[in-house]
Protein chains: 2
Amino acid sequence: MPGMEFNRVTDGVLKKLTDVLGPDGVVTDEETLTPFASDYTEDLVFMPEVAVLPRTAEQVQAIMRIAFEHHVPVTARAGGTGLSGGALPVLGGILLSCHRMNAIVEIDRSNLMGVVEPGVITQVFQEEVEKVGLYYPPDPASRGSCTLGGNVAENAGGPRAVKYGVTKDFVMGLEAVLADGSLIKTGGKLYKDVSGYNLTQLLVGSEGTLAITTKIFFKLLPWPPFRKVLLAPFDSLDKAAIAVTAAFSKGVQPSACELIERDAAQCAIKQLGKEWPHPDAAAHLLLEADGFTEERVDAEAMMMAEACMESGADDVFLAQDEPRMREIWSLRRSIGEAVKSINIYKEEDTVVPRDRIPELIRGVKEIAARYGLLVICYGHAGDGNIHCNIIKTVDDEAWRVALPKAITEIFQHTASLGGQVSGEHGIGYVQKEYLPITQGAVEIGLMKRIKEQFDPTGILNPMKMFL
Amino acid sequence: MPGMEFNRVTDGVLKKLTDVLGPDGVVTDEETLTPFASDYTEDLVFMPEVAVLPRTAEQVQAIMRIAFEHHVPVTARAGGTGLSGGALPVLGGILLSCHRMNAIVEIDRSNLMGVVEPGVITQVFQEEVEKVGLYYPPDPASRGSCTLGGNVAENAGGPRAVKYGVTKDFVMGLEAVLADGSLIKTGGKLYKDVSGYNLTQLLVGSEGTLAITTKIFFKLLPWPPFRKVLLAPFDSLDKAAIAVTAAFSKGVQPSACELIERDAAQCAIKQLGKEWPHPDAAAHLLLEADGFTEERVDAEAMMMAEACMESGADDVFLAQDEPRMREIWSLRRSIGEAVKSINIYKEEDTVVPRDRIPELIRGVKEIAARYGLLVICYGHAGDGNIHCNIIKTVDDEAWRVALPKAITEIFQHTASLGGQVSGEHGIGYVQKEYLPITQGAVEIGLMKRIKEQFDPTGILNPMKMFL
């Protein structure tokens with residue numbers, strides 16, 4: 001990567017930034033800077049030299065022109081909830097936070113499109129959209145604090161992706177600023193567009209390494225009013241996995257299809273602090289049906305229940321009302337926090353064809369066991385996206401030595417099943433050394449050269465995605 | 001673009017190609033070459049120097065290595081049904097036809113994925129998929145003769161895109177060969193993947209200018225067994241357009257939403273040679289509902305009918321059985337051929353936000369009238385994608401002079417409505433001079449530089465997409 005030797009943020013640069021943003025748009029005191037030094041990724045901390053808080057695309061352009069001229073790195077940050085370190089200002093420099101660019105510009109009911117700035121919190125957008133009977137499905141776990149700009153940068157997923165798709169499937173157009181301050185526009189309120197290469201989809205998931213998003217055009221759907229949730233415990237992981245493919249084979253389209261293996265369920269149950277039937281089940285499957293008629297949702301729920309029973313479920317719990325549905329979801333939703341409370345851990349975000357999940361999980365556990373480590377697995381079984389949390393069960397030195405070896409083996413195993421390194425968390429800072437396990441040298445070479453076209457001097461989010 | 005001065009196909013090159021493909025894989029006689037000289041785009045003819053017919057990805061790699069070494073242009077061709085000249089070997093050179101790479105490698109019911117070679121005819125794939133209860137929705141008009149590789153190259157659409165999305169929304173992974181013969185693999189049987197930049201989506205719609213597809217991984221859906229079709233005549237275009245947005249506002253998701261304005265309907269009726277109610281209607285709207293329960297499909301059809309009546313439709317015809325549905329569809333499906341039979345014409349593939357359709361069509365007709373030309377408009381109203389067929393109603397000289405001016409004005413008008421030059425036909429050879437009307441210089445500059453990373457010497461489908 002060219003230009004990796006960057007300049008520091010000088011008083012001259014600070015002066016220029018302040019001229020653009022005003023004093024309240026430029027943060028340099030340590031206390032206010034500290035929250036910008038880390039995200040949700042492990043315990044990593046990198047202090048930026050300055051944080052800038054633009055309100056407009058023009059200000060983002062001006063910031064980039066200054067950074068480009070002075071060869072200072074710029075790391076964009078949205079909600080700061082990323083799990084791969086995408087928002088960490090690893091080399092210091094300028095931290096560009098979009099949290100003041102938080103307008104919902106328009107909810108266009110004629111065209112079923114939402115136009116937003118990048119700093120809008122995902123849940124806020126979802127709720128505004130629902131008020132007019134519409135639906136924005138992508139629902140990353142952090143939806144109460146992550147923002148749409150971050151979702152675009154990471155191509156965020158979530159449980160509903162199995163039916164509705166991930167963030168990329170809803171982005172119809174973007175406005176973004178390149179490293180040199182140029183503004184580009186892609187797509188628009190358009191359901192179809194083949195006018196040139198698909199820059200929109202190249203930018204989605206590019207983790208702030210190609211451009212800084214300043215406006216997003218999202219497709220919206222009509223709100224599906226009916227919903228049912230099922231929970232099925234199984235005495236083997238294989239049976240649960242067979243139930244997943246059995247459900248899809250019946251022609252259902254679950255709006256969630258989550259797998260929780262024993263270790264994950266047990267730490268979630270402990271976290272919830274209440275009794276739970278079948279706490280020793282090898283795996284739980286959580287399935288959801290949603291739709292526009294109660295009849296169809298009932299029929300889908302019934303087919304899912306049948307798929308579970310036919311595959312050997314010990315039981316099937318069906319929740320039809322909100323409190324019961326919330327209760328079932330609480331098991332799944334509390335795993336993240338529960339795992340964090342056990343000990344230091346490293347989360348991997350494996351993705352494989354969904355019928356390879358049992359092989360994936362068995363292999364991951366076997367590899368970890370060889371290094372004396374515990375892995376807790378759970379996640380989006382419907383799209384083969386399993387979060388593997390490696391828990392520190394050995395001393396510091398053994399952890400330091402074993403972890404990268406275990407992770408490498410886990411991803412080699414993932415690759416052998418036709419999978420990839422990350423399904424929805426991104427590569428960012430913490431996974432980049434593993435990317436070559438599933439991506440070939442030619443593919444990575446292309447990606448790096450594509451980056452150079454957007455960011456010739458490498459100032460946009462350096463040290464990310466690629467080694 | 002570097003290296004635009006190419007070499008001719010010498011005897012030495014032919015010898016090398018024959019060594020790779022055998023004598024039956026290399027075509028040089030004029031008679032056999034002729035069908036490769038044109039596609040469905042106007043009356044353009046460009047003879048290739050040689051056509052090659054590989055059977056494997058390895059052969060495609062070998063062909064590209066020879067072409068790269070000898071600096072000979074290569075134009076990939078699939079079904080040859082493109083409408084923007086993407087498959088025309090404009091500079092001669094090597095025509096690479098993928099029609100012998102036509103294996104359906106796998107229909108994977110566990111993962112709901114289809115894996116195919118690029119030469120599989122779209123309809124053949126759809127029918128194979130339907131046999132096991134699955135659904136591949138993209139349905140370009142030419143689905144009986146176009147192939148999946150061409151659909152990927154052009155990001156083909158069709159009427160069902162309004163509910164299900166276009167080709168890109170079903171491509172989960174690709175195998176492709178670069179200009180220098182390197183093979184790349186992207187994605188796979190994966191519903192989620194954020195491992196590096198989205199090369200898959202960069203390749204879809206790149207019209208053979210970045211790489212040559214050798215394998216495609218498609219997502220499949222469960223087959224929706226119920227269907228209803230409506231046809232509503234309106235005495236004004238505005239009323240029909242209002243009905244479109246009214247239908248979506250009711251929360252329905254039509255599986256087709258087609259607009260046929262008077263001139264289009266009248267030439268189709270003439271072509272069909274039968275009586276048709278309301279032949280003078282200013283516009284017809286064709287709406288389709290599909291789904292998994294008769295109840296929901298009935299309810300959606302009812303809401304669509306209401307939307308039409310509330311918006312001032314003169315009538316609503318509801319077809320519930322196959323013959324009646326086919327009859328209604330015949331009106332829409334015969335327009336293409338009917339228009340062709342009038343006179344020489346030029347088809348534009350405008351796309352705008354769907355609520356701007358009346359302004360689009362009125363503007364297009366006004367512009368054409370100023371040049372003494374007739375425009376026949378019809379297409380995919382649900383996604384704002386209107387085909388504007390400019391008919392030659394003036395003498396040769398006036399046509400030659402007026403046409404580019406009229407087209408330029410039409411696209412300027414499209415741009416002013418937030419639209420783009422092409423919704424589903426692509427840019428290819430015949431629209432490239434108009435691309436700068438909706439794409440900025442920075443965006444086009446990026447695209448050209450991206451191409452250089454895949455194809456540094458410009459041998460892949462030269463003279464396409466960009467001026």
# chains A, B, ... in the order shown; residues from 1 in each chain; ligands from 1
$ residues_around --residues "Arg296 (chain A)" --least-positions-apart "2" --cutoff "12 Å" --atoms "only C-alpha atoms" --output "number ranges by chain"
A: 224-228, 251-254, 289-294, 298-303; B: 291-297
$ residues_around --residues "Tyr164 (chain B)" --least-positions-apart "5" --cutoff "9 Å" --atoms "only C-alpha atoms" --output "VMD selection string"
chain B and resid 137 to 138 169 255
$ residues_around --residues "Ile386 (chain A)" --least-positions-apart "2" --cutoff "8 Å" --atoms "only C-alpha atoms" --output "VMD selection string"
chain A and resid 349 to 351 357 377 to 381 384 388
$ write_last_selection --atoms "N, CA and C atoms" --output "PDB file, in the first residue's frame"
ATOM      1  N   ASP A 349     -16.562 -15.177  13.126  1.00  0.00           N
ATOM      2  CA  ASP A 349     -17.861 -14.961  12.484  1.00  0.00           C
ATOM      3  C   ASP A 349     -17.956 -15.829  11.227  1.00  0.00           C
ATOM      4  N   THR A 350     -17.745 -17.121  11.438  1.00  0.00           N
ATOM      5  CA  THR A 350     -17.667 -18.054  10.304  1.00  0.00           C
ATOM      6  C   THR A 350     -18.972 -18.123   9.512  1.00  0.00           C
ATOM      7  N   VAL A 351     -18.838 -18.380   8.223  1.00  0.00           N
ATOM      8  CA  VAL A 351     -20.024 -18.612   7.393  1.00  0.00           C
ATOM      9  C   VAL A 351     -19.735 -19.753   6.429  1.00  0.00           C
ATOM     10  N   ILE A 357     -23.214 -26.871   8.690  1.00  0.00           N
ATOM     11  CA  ILE A 357     -23.075 -26.345  10.056  1.00  0.00           C
ATOM     12  C   ILE A 357     -22.619 -27.405  11.065  1.00  0.00           C
ATOM     13  N   CYS A 377     -20.686 -21.695  20.437  1.00  0.00           N
ATOM     14  CA  CYS A 377     -21.179 -21.452  19.077  1.00  0.00           C
ATOM     15  C   CYS A 377     -22.669 -21.118  19.080  1.00  0.00           C
ATOM     16  N   TYR A 378     -23.034 -20.152  18.292  1.00  0.00           N
ATOM     17  CA  TYR A 378     -24.456 -19.820  18.132  1.00  0.00           C
ATOM     18  C   TYR A 378     -24.558 -18.924  16.901  1.00  0.00           C
ATOM     19  N   GLY A 379     -25.772 -18.697  16.469  1.00  0.00           N
ATOM     20  CA  GLY A 379     -25.898 -17.736  15.378  1.00  0.00           C
ATOM     21  C   GLY A 379     -26.953 -18.094  14.367  1.00  0.00           C
ATOM     22  N   HIS A 380     -26.738 -17.549  13.187  1.00  0.00           N
ATOM     23  CA  HIS A 380     -27.764 -17.505  12.162  1.00  0.00           C
ATOM     24  C   HIS A 380     -27.690 -18.765  11.287  1.00  0.00           C
ATOM     25  N   ALA A 381     -28.272 -19.848  11.809  1.00  0.00           N
ATOM     26  CA  ALA A 381     -28.156 -21.140  11.131  1.00  0.00           C
ATOM     27  C   ALA A 381     -28.747 -21.088   9.730  1.00  0.00           C
ATOM     28  N   GLY A 384     -26.178 -20.030   7.505  1.00  0.00           N
ATOM     29  CA  GLY A 384     -24.875 -20.678   7.695  1.00  0.00           C
ATOM     30  C   GLY A 384     -23.849 -19.833   8.429  1.00  0.00           C
ATOM     31  N   CYS A 388     -18.500 -18.057  16.511  1.00  0.00           N
ATOM     32  CA  CYS A 388     -17.734 -18.979  17.346  1.00  0.00           C
ATOM     33  C   CYS A 388     -16.929 -18.160  18.344  1.00  0.00           C
TER      34      CYS A 388
END
$ interface_residues --of "chain A" --to "chain B" --cutoff "6 Å" --atoms "only C-alpha atoms" --output "list in words"
Ser110, Lys189, Leu190, Tyr191, Lys192, Asp193, Val194, Ser195, Tyr197, Asn198, Leu202, Ser206, Pro222, Thr245, Gly251, Pro353, Asp383, Val421, Ser422, Gly423, Glu424, Gly426 and Ile450 of chain A
$ select_by_dssp --residues "region 186-430 of chain A" --states "alpha helix (DSSP H)" --output "compact mmCIF listing (two decimals) with N, CA and C atoms, in the first residue's frame"
# COMPACT_ATOMS: atom_id res chain seq x y z
N LEU A 199 -21.03 0.54 -8.46
CA LEU A 199 -20.21 1.15 -7.41
C LEU A 199 -20.92 1.08 -6.06
N THR A 200 -22.27 1.15 -6.10
CA THR A 200 -23.02 1.07 -4.84
C THR A 200 -22.61 -0.18 -4.06
N GLN A 201 -22.66 -1.33 -4.75
CA GLN A 201 -22.39 -2.58 -4.04
C GLN A 201 -20.91 -2.78 -3.76
N LEU A 202 -20.07 -2.09 -4.50
CA LEU A 202 -18.64 -2.14 -4.17
C LEU A 202 -18.39 -1.37 -2.86
N LEU A 203 -19.13 -0.28 -2.66
CA LEU A 203 -18.94 0.53 -1.45
C LEU A 203 -19.54 -0.13 -0.22
N LEU A 237 -26.66 -31.93 17.91
CA LEU A 237 -26.47 -30.81 17.00
C LEU A 237 -26.91 -31.21 15.59
N ASP A 238 -26.61 -32.44 15.21
CA ASP A 238 -26.96 -32.89 13.87
C ASP A 238 -28.46 -32.85 13.63
N LYS A 239 -29.22 -33.29 14.64
CA LYS A 239 -30.67 -33.27 14.47
C LYS A 239 -31.16 -31.84 14.26
N ALA A 240 -30.60 -30.91 15.01
CA ALA A 240 -31.02 -29.50 14.86
C ALA A 240 -30.68 -29.00 13.45
N ALA A 241 -29.50 -29.37 12.99
CA ALA A 241 -29.09 -28.91 11.66
C ALA A 241 -29.95 -29.54 10.57
N ILE A 242 -30.31 -30.82 10.78
CA ILE A 242 -31.19 -31.48 9.82
C ILE A 242 -32.55 -30.79 9.80
N ALA A 243 -33.01 -30.35 10.96
CA ALA A 243 -34.30 -29.64 11.03
C ALA A 243 -34.27 -28.34 10.21
N VAL A 244 -33.12 -27.68 10.20
CA VAL A 244 -32.99 -26.43 9.43
C VAL A 244 -33.24 -26.72 7.95
N THR A 245 -32.51 -27.68 7.41
CA THR A 245 -32.69 -27.96 5.99
C THR A 245 -34.06 -28.57 5.73
N ALA A 246 -34.58 -29.34 6.69
CA ALA A 246 -35.92 -29.91 6.53
C ALA A 246 -36.96 -28.80 6.43
N ALA A 247 -36.81 -27.76 7.24
CA ALA A 247 -37.77 -26.64 7.22
C ALA A 247 -37.74 -25.96 5.85
N PHE A 248 -36.54 -25.65 5.36
CA PHE A 248 -36.45 -24.99 4.05
C PHE A 248 -37.00 -25.88 2.95
N SER A 249 -36.77 -27.20 3.08
CA SER A 249 -37.27 -28.12 2.05
C SER A 249 -38.79 -28.13 1.97
N ARG A 262 -25.36 -26.05 23.18
CA ARG A 262 -25.52 -26.21 24.62
C ARG A 262 -24.77 -25.16 25.43
N ASP A 263 -23.48 -24.99 25.18
CA ASP A 263 -22.69 -24.05 25.97
C ASP A 263 -23.27 -22.64 25.89
N ALA A 264 -23.74 -22.27 24.71
CA ALA A 264 -24.32 -20.93 24.53
C ALA A 264 -25.62 -20.81 25.31
N ALA A 265 -26.49 -21.83 25.20
CA ALA A 265 -27.77 -21.79 25.92
C ALA A 265 -27.53 -21.73 27.43
N GLN A 266 -26.58 -22.54 27.88
CA GLN A 266 -26.37 -22.59 29.32
C GLN A 266 -25.86 -21.27 29.88
N CYS A 267 -24.96 -20.61 29.16
CA CYS A 267 -24.50 -19.34 29.72
C CYS A 267 -25.58 -18.27 29.57
N ALA A 268 -26.43 -18.38 28.55
CA ALA A 268 -27.55 -17.43 28.43
C ALA A 268 -28.57 -17.65 29.53
N ILE A 269 -28.87 -18.91 29.83
CA ILE A 269 -29.85 -19.22 30.89
C ILE A 269 -29.34 -18.69 32.23
N LYS A 270 -28.05 -18.88 32.46
CA LYS A 270 -27.45 -18.37 33.70
C LYS A 270 -27.57 -16.85 33.76
N GLN A 271 -27.29 -16.20 32.63
CA GLN A 271 -27.38 -14.74 32.55
C GLN A 271 -28.81 -14.27 32.82
N LEU A 272 -29.78 -14.97 32.26
CA LEU A 272 -31.18 -14.60 32.42
C LEU A 272 -31.63 -14.85 33.86
N GLU A 294 -52.51 -14.30 8.79
CA GLU A 294 -52.34 -15.18 9.94
C GLU A 294 -52.31 -16.63 9.45
N GLU A 295 -53.15 -16.91 8.45
CA GLU A 295 -53.22 -18.28 7.92
C GLU A 295 -51.85 -18.77 7.43
N ARG A 296 -51.17 -17.93 6.64
CA ARG A 296 -49.88 -18.35 6.09
C ARG A 296 -48.84 -18.47 7.21
N VAL A 297 -48.85 -17.51 8.12
CA VAL A 297 -47.87 -17.55 9.21
C VAL A 297 -48.10 -18.80 10.07
N ASP A 298 -49.37 -19.10 10.34
CA ASP A 298 -49.69 -20.33 11.07
C ASP A 298 -49.20 -21.55 10.31
N ALA A 299 -49.46 -21.55 9.01
CA ALA A 299 -49.07 -22.70 8.19
C ALA A 299 -47.55 -22.86 8.20
N GLU A 300 -46.84 -21.73 8.08
CA GLU A 300 -45.37 -21.81 8.09
C GLU A 300 -44.87 -22.30 9.45
N ALA A 301 -45.46 -21.76 10.52
CA ALA A 301 -45.04 -22.18 11.87
C ALA A 301 -45.28 -23.68 12.03
N MET A 302 -46.42 -24.14 11.52
CA MET A 302 -46.74 -25.56 11.62
C MET A 302 -45.72 -26.41 10.85
N MET A 303 -45.38 -25.97 9.63
CA MET A 303 -44.39 -26.72 8.84
C MET A 303 -43.02 -26.73 9.54
N MET A 304 -42.68 -25.59 10.16
CA MET A 304 -41.40 -25.55 10.89
C MET A 304 -41.43 -26.51 12.08
N ALA A 305 -42.56 -26.52 12.79
CA ALA A 305 -42.70 -27.42 13.94
C ALA A 305 -42.58 -28.87 13.48
N GLU A 306 -43.24 -29.17 12.38
CA GLU A 306 -43.15 -30.54 11.82
C GLU A 306 -41.71 -30.89 11.45
N ALA A 307 -41.03 -29.93 10.81
CA ALA A 307 -39.63 -30.18 10.43
C ALA A 307 -38.81 -30.50 11.67
N CYS A 308 -39.07 -29.80 12.75
CA CYS A 308 -38.32 -30.05 14.00
C CYS A 308 -38.65 -31.43 14.56
N MET A 309 -39.95 -31.74 14.64
CA MET A 309 -40.35 -33.02 15.23
C MET A 309 -39.83 -34.19 14.37
N GLU A 310 -39.99 -34.05 13.06
CA GLU A 310 -39.52 -35.12 12.16
C GLU A 310 -38.00 -35.31 12.25
N GLU A 322 -46.86 -11.56 22.12
CA GLU A 322 -45.62 -10.78 22.25
C GLU A 322 -44.78 -11.18 23.46
N PRO A 323 -45.35 -11.27 24.66
CA PRO A 323 -44.50 -11.59 25.81
C PRO A 323 -43.79 -12.95 25.68
N ARG A 324 -44.52 -13.94 25.18
CA ARG A 324 -43.91 -15.26 25.01
C ARG A 324 -42.84 -15.23 23.91
N MET A 325 -43.12 -14.48 22.84
CA MET A 325 -42.12 -14.38 21.77
C MET A 325 -40.86 -13.69 22.29
N ARG A 326 -41.08 -12.63 23.07
CA ARG A 326 -39.92 -11.92 23.65
C ARG A 326 -39.12 -12.84 24.55
N GLU A 327 -39.83 -13.67 25.31
CA GLU A 327 -39.15 -14.58 26.24
C GLU A 327 -38.24 -15.55 25.47
N ILE A 328 -38.78 -16.11 24.40
CA ILE A 328 -37.97 -17.03 23.61
C ILE A 328 -36.77 -16.31 22.99
N TRP A 329 -37.02 -15.13 22.45
CA TRP A 329 -35.92 -14.36 21.86
C TRP A 329 -34.88 -13.99 22.91
N SER A 330 -35.31 -13.83 24.18
CA SER A 330 -34.36 -13.41 25.23
C SER A 330 -33.23 -14.43 25.37
N LEU A 331 -33.55 -15.70 25.15
CA LEU A 331 -32.50 -16.73 25.24
C LEU A 331 -31.41 -16.43 24.21
N ARG A 332 -31.82 -16.15 22.99
CA ARG A 332 -30.87 -15.88 21.92
C ARG A 332 -30.16 -14.54 22.14
N ARG A 333 -30.94 -13.54 22.55
CA ARG A 333 -30.41 -12.19 22.61
C ARG A 333 -29.43 -11.98 23.77
N ILE A 335 -27.13 -14.11 24.74
CA ILE A 335 -25.89 -14.89 24.62
C ILE A 335 -24.66 -13.98 24.55
N GLY A 336 -24.76 -12.94 23.72
CA GLY A 336 -23.62 -12.05 23.52
C GLY A 336 -23.05 -11.53 24.83
N GLU A 337 -23.93 -10.92 25.63
CA GLU A 337 -23.49 -10.39 26.92
C GLU A 337 -23.04 -11.50 27.86
N ALA A 338 -23.75 -12.62 27.82
CA ALA A 338 -23.43 -13.74 28.71
C ALA A 338 -22.02 -14.27 28.43
N VAL A 339 -21.68 -14.38 27.15
CA VAL A 339 -20.36 -14.88 26.79
C VAL A 339 -19.29 -13.91 27.26
N LYS A 340 -19.56 -12.61 27.07
CA LYS A 340 -18.60 -11.59 27.50
C LYS A 340 -18.27 -11.71 28.98
N SER A 341 -19.30 -12.10 29.78
CA SER A 341 -19.11 -12.10 31.23
C SER A 341 -18.29 -13.29 31.72
N ILE A 342 -18.05 -14.29 30.86
CA ILE A 342 -17.31 -15.48 31.31
C ILE A 342 -15.83 -15.15 31.50
N ILE A 357 -23.21 -26.87 8.69
CA ILE A 357 -23.08 -26.34 10.06
C ILE A 357 -22.62 -27.41 11.07
N PRO A 358 -23.19 -28.61 11.06
CA PRO A 358 -22.71 -29.58 12.05
C PRO A 358 -21.21 -29.85 11.91
N GLU A 359 -20.76 -30.03 10.67
CA GLU A 359 -19.32 -30.25 10.45
C GLU A 359 -18.50 -29.06 10.93
N LEU A 360 -19.04 -27.86 10.67
CA LEU A 360 -18.34 -26.65 11.10
C LEU A 360 -18.15 -26.66 12.61
N ILE A 361 -19.27 -26.82 13.33
CA ILE A 361 -19.22 -26.69 14.79
C ILE A 361 -18.39 -27.81 15.40
N ARG A 362 -18.58 -29.03 14.91
CA ARG A 362 -17.78 -30.15 15.45
C ARG A 362 -16.30 -29.89 15.24
N GLY A 363 -15.94 -29.44 14.04
CA GLY A 363 -14.54 -29.18 13.74
C GLY A 363 -13.97 -28.06 14.61
N VAL A 364 -14.74 -27.00 14.76
CA VAL A 364 -14.29 -25.86 15.56
C VAL A 364 -14.02 -26.29 17.00
N LYS A 365 -14.92 -27.10 17.55
CA LYS A 365 -14.77 -27.53 18.95
C LYS A 365 -13.57 -28.47 19.11
N GLU A 366 -13.38 -29.32 18.12
CA GLU A 366 -12.26 -30.25 18.13
C GLU A 366 -10.92 -29.49 18.09
N ILE A 367 -10.85 -28.51 17.19
CA ILE A 367 -9.63 -27.71 17.06
C ILE A 367 -9.35 -26.98 18.38
N ALA A 368 -10.38 -26.32 18.92
CA ALA A 368 -10.21 -25.57 20.16
C ALA A 368 -9.75 -26.49 21.29
N ALA A 369 -10.38 -27.66 21.37
CA ALA A 369 -10.05 -28.60 22.46
C ALA A 369 -8.57 -28.97 22.42
N ARG A 370 -8.04 -29.12 21.19
CA ARG A 370 -6.62 -29.47 21.07
C ARG A 370 -5.71 -28.40 21.68
N ASP A 396 -2.27 -16.65 30.35
CA ASP A 396 -2.01 -15.57 29.38
C ASP A 396 -1.05 -16.01 28.28
N GLU A 397 0.03 -16.65 28.66
CA GLU A 397 1.04 -17.03 27.70
C GLU A 397 0.50 -18.08 26.71
N ALA A 398 -0.19 -19.07 27.25
CA ALA A 398 -0.76 -20.12 26.39
C ALA A 398 -1.80 -19.51 25.45
N TRP A 399 -2.61 -18.59 25.95
CA TRP A 399 -3.63 -17.88 25.14
C TRP A 399 -2.97 -17.13 24.00
N ARG A 400 -1.90 -16.41 24.33
CA ARG A 400 -1.20 -15.60 23.33
C ARG A 400 -0.65 -16.48 22.21
N VAL A 401 -0.14 -17.62 22.59
CA VAL A 401 0.47 -18.52 21.60
C VAL A 401 -0.59 -19.34 20.85
N ALA A 402 -1.57 -19.84 21.60
CA ALA A 402 -2.53 -20.79 21.02
C ALA A 402 -3.55 -20.10 20.11
N LEU A 403 -4.01 -18.91 20.54
CA LEU A 403 -5.15 -18.30 19.87
C LEU A 403 -4.97 -18.16 18.35
N PRO A 404 -3.89 -17.49 17.90
CA PRO A 404 -3.78 -17.34 16.43
C PRO A 404 -3.70 -18.68 15.70
N LYS A 405 -3.07 -19.67 16.34
CA LYS A 405 -3.00 -20.98 15.70
C LYS A 405 -4.38 -21.62 15.60
N ALA A 406 -5.13 -21.52 16.70
CA ALA A 406 -6.47 -22.11 16.71
C ALA A 406 -7.35 -21.41 15.68
N ILE A 407 -7.27 -20.08 15.62
CA ILE A 407 -8.11 -19.33 14.67
C ILE A 407 -7.76 -19.72 13.24
N THR A 408 -6.47 -19.82 12.96
CA THR A 408 -6.04 -20.22 11.62
C THR A 408 -6.64 -21.57 11.25
N GLU A 409 -6.55 -22.50 12.17
CA GLU A 409 -7.11 -23.84 11.89
C GLU A 409 -8.63 -23.78 11.71
N ILE A 410 -9.28 -22.95 12.52
CA ILE A 410 -10.75 -22.82 12.40
C ILE A 410 -11.12 -22.31 11.00
N PHE A 411 -10.38 -21.32 10.53
CA PHE A 411 -10.72 -20.77 9.21
C PHE A 411 -10.31 -21.72 8.08
N GLN A 412 -9.23 -22.47 8.29
CA GLN A 412 -8.88 -23.48 7.28
C GLN A 412 -10.00 -24.52 7.18
N HIS A 413 -10.54 -24.86 8.34
CA HIS A 413 -11.67 -25.80 8.38
C HIS A 413 -12.89 -25.18 7.68
N THR A 414 -13.17 -23.92 7.99
CA THR A 414 -14.28 -23.19 7.34
C THR A 414 -14.11 -23.19 5.83
N ALA A 415 -12.90 -22.89 5.38
CA ALA A 415 -12.61 -22.84 3.94
C ALA A 415 -12.86 -24.21 3.31
N SER A 416 -12.48 -25.27 4.02
CA SER A 416 -12.64 -26.62 3.45
C SER A 416 -14.10 -26.98 3.27
$ select_by_dssp --residues "region 250-377 of chain B" --states "strand (DSSP E or B)" --output "ChimeraX atom specification"
/B:256-261,283-291,313,317-319,345-351,374-377
$ write_last_selection --atoms "C-alpha atoms" --output "compact mmCIF listing (two decimals), in the first residue's frame"
# COMPACT_ATOMS: atom_id res chain seq x y z
CA ALA B 256 -45.49 -7.82 -11.97
CA CYS B 257 -46.57 -4.23 -12.51
CA GLU B 258 -46.44 -3.39 -16.19
CA LEU B 259 -47.56 -0.22 -17.96
CA ILE B 260 -48.64 -0.18 -21.60
CA GLU B 261 -49.43 3.19 -23.08
CA ALA B 283 -52.83 3.33 -20.70
CA HIS B 284 -53.26 -0.24 -19.53
CA LEU B 285 -51.86 -1.49 -16.26
CA LEU B 286 -51.08 -5.19 -15.93
CA LEU B 287 -50.72 -6.36 -12.34
CA GLU B 288 -49.92 -9.80 -11.02
CA ALA B 289 -50.04 -11.24 -7.51
CA ASP B 290 -48.34 -14.48 -6.52
CA GLY B 291 -47.76 -16.26 -3.25
CA ALA B 313 -59.64 2.87 -14.01
CA PHE B 317 -60.31 -7.53 -15.71
CA LEU B 318 -59.28 -10.30 -13.33
CA ALA B 319 -57.81 -13.52 -14.70
CA TYR B 345 -36.54 2.01 -34.26
CA LYS B 346 -34.18 2.68 -31.41
CA GLU B 347 -35.02 1.34 -27.96
CA GLU B 348 -34.11 3.32 -24.87
CA ASP B 349 -34.31 1.72 -21.43
CA THR B 350 -34.98 4.64 -19.09
CA VAL B 351 -35.37 4.18 -15.36
CA LEU B 374 -42.96 8.88 -32.49
CA VAL B 375 -42.10 7.15 -29.20
CA ILE B 376 -43.87 4.04 -27.97
CA CYS B 377 -43.56 3.57 -24.22
